[in-house]
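Beneath this line is the structure, given in structure tokens, with notes to follow.
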Amino acid sequence: MIDLSRSRTVETSRTPKIGGWIAVPVGILLIIAIGAVLSPRFLSISNFSNILLSMSIVGMIVVGMTFVFISGGMADLSVPATLATGAIIVLRAQPVLGTLGAVVVAVLASGLAGLVNGLLIGYAKANPIIVTLGVGTIVLGLAQAFVGGVIVYGTDPSTGDFVKSQIFGIPMIVVIFIIIAIIGHILLSRSTWGRWTYAVGSNYRATEASAVPVRNIKAGAFVLTAVLTGVSGVLLGLSLQSARPLIGTGYEFDAITAVVVGGVSLFGGFGSIPRAIGGLLFVQLLTNVLVLQGVPTPVQGLAKGILIAGAVAVDMYLRRKGGRS
Amino acid sequence: MSKVARRELFGTLATYRVIVFLAVTLVVSSIVVPTFFTVSTLGLTLDRAATIGIIAVGLTVLLIAGQIDLSSTAVLALSGIVAISFQGQIGSVPAAILGVLVGTVVGVVNGILVVKFQVNSLVATLAMMLSVRAIAHWVTNSQPISGVDVLFGLGVSRSIGGIFTFRSLLFLALILALSFWLTRTVAGRNLFAVGSNATAATASGVRTKRYLYGGFTFAGTCSGVAGVIQSLSVNTGSPVFGDTLIVVVVAAVVVGGTRIEGGRGSALGTLGGVLTLTALTIAMEYQSVSAYVQQVVTGTILILLILLDRTVSGNMRRTIRIGMLFRRIAAV
């Protein structure tokens, strides 16, 4: 795939990016203000806890997707398949292996799909979007064949209650998400792996020449995304106590929208977990306002499509501008 | 056989794999489907191939130019919906034209996003896929709709001369026209230059941007045509049409030897790729292989071929003609 826009010389200036730091928080405050004016229900505790819950499930995927974006791996479109794998396997395996065993097996199975992605993208250097599209089709097909295309129901409602329980008034899923986000942030910003991820994304060849295991880093981002998506699928499956093969449809776009709106660059080398989560919060609040206003569900898809294209176009514009100044 | 010769043979096989694939698939199909080589089954195969084939024609042009269109199967759904839902108000033919125009408009928007705003075509068309699919769900309330003019739709799938139908003839005509354009005209050759190295092509006086706009518009229009024909033939428009088709279309084009990386491909290859995947689908359906397993097979074919392309890409930079393939096999 040729890329008309890719030029190494324009990536040095970070000046326009400072504006990007303010844009998302301002946007979030703006949306909250608009929401509060438009709907009295918007500022209620129950509404915010709903936003937090749905945000947490997507948020785990967003953490992984941020690694993929920063390492220059574009995006992972196999998310719906790996999420369904996690949800289906955990419910299916629970009676046989017990809860802990089932969770481990489900997350490992999802991780395996990520490993296939990673090997093809990191080692064979194949196009990430086509690979994850293909692998996603295979994995989803396997998952559907495995359960015969029907819904899998849970056998142990107590685990569902555990997942839906609260710790100090905060839902369990939100707590797990916060822990994952903090660990992901520390990994990305403080660890060698994190620094290498930035390096691979901003200049692959120079990083390779510096004896960094570039292939592992690229592959690792996809494995991490798949594992976190698996965790997210497990939690979703357990809390709903049912899983159908198409349970993960749309989560890939939710995660991609959040990451690009947060200002993480699609071309690699720039971004952070807090930025991506800021983007996620913005998109979730926007969706919530739309829902409260009674806007039909498909319009949210339209809004996400426009947000993705718009955010990437703005990123490109800022890059070109940064190159000239 | 020397190492170099073996490598070249491998590379040549990778380029002309479509012949091998098609031959193997036809043999397998004729074994599992006893009536496969009858006129009616072959005609059915061509008819089935037409919808993904027409989309694949547009995608071939874009892939050669180094771009991609992931929004095509969403356009398929929306164009069909438009062609069906406006039948009662403006008549069948104008509604069909309007449906095709929807595809053209989406193609132009894709072109603007990629050329003017320099958004990577994978992401731009992914965003468009999401948006167009959302619009399709929005205007139909996620319900399938049926048309008022049943007879009009019969025309596209009615048999012509025993073996062909309107849409399969249209597909074959598009393939032949594209083949002529790509191999016999300057503009067609320039397209390969745009896909191999856009900067060099621009420097040599090729109007790269114009080719890209044209490519996206053509691909969008093709998807529109495919969508209108598909919906007319079943007299139904549905927002979920083509939901899982994008992998099949991309796989068909890639089986045909067109490279995801751009600068390489052929129309006849795409014809072979489309026929291969359709014959495979028919064979699997005949054996009542479940739809899920069919998905797995299509996905696996796509992944394996992309892997093959990656492994032989380094030493295969020049084009080799079919005659050379046979000479080389003879030399071994």
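In the structure tokens, chains take the letters A, B, ... in the order shown, each chain's residues start at 1, and ligands count up from 1 in the order shown.
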query = Which residues come within 9 Å of Ser242 in chain A, counting only C-alpha atoms, excluding same-chain residues fewer than 2 positions away, as a PyMOL selection string?
reply = chain A and resi 87-88+91+151-154+236-240+244
request  = Do me a favour and pick out the residues of chain A within 7 Å of chain B, using only C-alpha atoms, as a PyMOL selection string.
outcome  = chain A and resi 1-5+124+126+131+134-135+137-138+141-142+144-145+298-299+301-302+305-306+308-309+312-313+316
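Of the listed residues (A:Ala221, A:Leu228, A:Val150, A:Leu280), A:Ala221 comes nearest to Val200 in chain A; the distances count only C-alpha atoms.
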task = Identify all residues of range 33-269 of chain B in strand (DSSP E or B) (DSSP on the backbone) and supply them as a VMD selection string.
result = chain B and resid 145 to 146 159 to 160 164 to 165 236 to 237
task = Apply DSSP to the backbone of this structure and, from range 84-300 of chain A, keep only the residues in helix (DSSP H, G or I); write these as a VMD selection string.
result = chain A and resid 84 to 123 128 to 147 157 to 164 172 to 190 192 to 202 204 to 209 214 to 240 251 to 261 273 to 292 297 to 300
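Once Ile97 in chain B and its same-chain neighbours fewer than 4 positions away are set aside, Ala83, Val93 and Leu101 of chain B remain within 8 Å of it when counting only C-alpha atoms.
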Let's have the selection written as a CSV table (one decimal), in the first residue's frame, with all heavy atoms.
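The result, written out as again_7.csv:
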```
chain,number,residue,atom,x,y,z
B,83,ALA,N,-32.3,2.2,-4.8
B,83,ALA,CA,-32.9,1.7,-6.0
B,83,ALA,C,-34.3,1.1,-5.8
B,83,ALA,O,-35.2,1.2,-6.6
B,83,ALA,CB,-32.0,0.7,-6.7
B,93,VAL,N,-36.5,2.7,-13.5
B,93,VAL,CA,-35.2,3.0,-14.1
B,93,VAL,C,-34.5,4.2,-13.4
B,93,VAL,O,-33.3,4.1,-13.1
B,93,VAL,CB,-35.3,3.2,-15.6
B,93,VAL,CG1,-34.0,3.7,-16.3
B,93,VAL,CG2,-35.8,2.0,-16.3
B,101,LEU,N,-25.8,6.3,-8.6
B,101,LEU,CA,-25.2,7.6,-8.3
B,101,LEU,C,-24.8,7.6,-6.8
B,101,LEU,O,-23.8,8.3,-6.5
B,101,LEU,CB,-26.2,8.7,-8.6
B,101,LEU,CG,-26.3,9.0,-10.1
B,101,LEU,CD1,-27.3,10.2,-10.3
B,101,LEU,CD2,-24.9,9.5,-10.6
```
request  = Excluding Asp149 in chain B and any residue of its chain fewer than 2 positions from it, enumerate the residues within 9 Å of it, using only C-alpha atoms, and give them as number ranges by chain.
outcome  = B: 84, 87-88, 91-92, 147, 151-153, 235
query = If you count only C-alpha atoms, which residues fall within 9 Å of Ala109 in chain A, apart from same-chain ones fewer than 2 positions away, as a ChimeraX atom specification?
reply = /A:82,85-86,89,104-107,111-114,227,230
Store the residues picked out above in a file with N, CA and C atoms, as a short mmCIF file (atom, residue, chain, number, x, y, z; two decimals), in the first residue's frame.
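Printed below is selection-v6.cif as written:
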```
data_model
loop_
_atom_site.label_atom_id
_atom_site.label_comp_id
_atom_site.auth_asym_id
_atom_site.auth_seq_id
_atom_site.Cartn_x
_atom_site.Cartn_y
_atom_site.Cartn_z
N THR A 82 -12.11 -11.48 18.64
CA THR A 82 -11.42 -11.88 19.86
C THR A 82 -12.31 -11.65 21.08
N THR A 85 -14.66 -14.50 21.19
CA THR A 85 -13.94 -15.69 21.64
C THR A 85 -13.86 -15.72 23.15
N GLY A 86 -13.44 -14.58 23.74
CA GLY A 86 -13.33 -14.51 25.19
C GLY A 86 -14.65 -14.81 25.87
N ILE A 89 -15.92 -18.61 25.14
CA ILE A 89 -15.13 -19.67 25.78
C ILE A 89 -15.29 -19.64 27.29
N VAL A 104 -8.83 -18.06 32.40
CA VAL A 104 -7.46 -18.16 31.86
C VAL A 104 -7.49 -18.70 30.43
N VAL A 105 -8.25 -19.78 30.21
CA VAL A 105 -8.32 -20.38 28.88
C VAL A 105 -8.91 -19.40 27.87
N ALA A 106 -9.96 -18.67 28.28
CA ALA A 106 -10.60 -17.72 27.36
C ALA A 106 -9.64 -16.61 26.95
N VAL A 107 -8.92 -16.06 27.95
CA VAL A 107 -7.99 -14.97 27.64
C VAL A 107 -6.84 -15.49 26.77
N GLY A 111 -5.70 -14.33 23.14
CA GLY A 111 -4.30 -13.95 22.94
C GLY A 111 -3.69 -14.68 21.76
N LEU A 112 -4.12 -15.92 21.55
CA LEU A 112 -3.61 -16.72 20.45
C LEU A 112 -3.94 -16.05 19.10
N ALA A 113 -5.18 -15.54 19.00
CA ALA A 113 -5.57 -14.83 17.77
C ALA A 113 -4.67 -13.62 17.58
N GLY A 114 -4.36 -12.94 18.71
CA GLY A 114 -3.47 -11.79 18.63
C GLY A 114 -2.07 -12.20 18.21
N VAL A 227 -5.25 -9.79 24.06
CA VAL A 227 -5.41 -10.25 25.45
C VAL A 227 -6.39 -9.34 26.19
N GLY A 230 -9.77 -9.90 25.04
CA GLY A 230 -10.24 -11.15 25.64
C GLY A 230 -10.76 -10.91 27.05
#
```
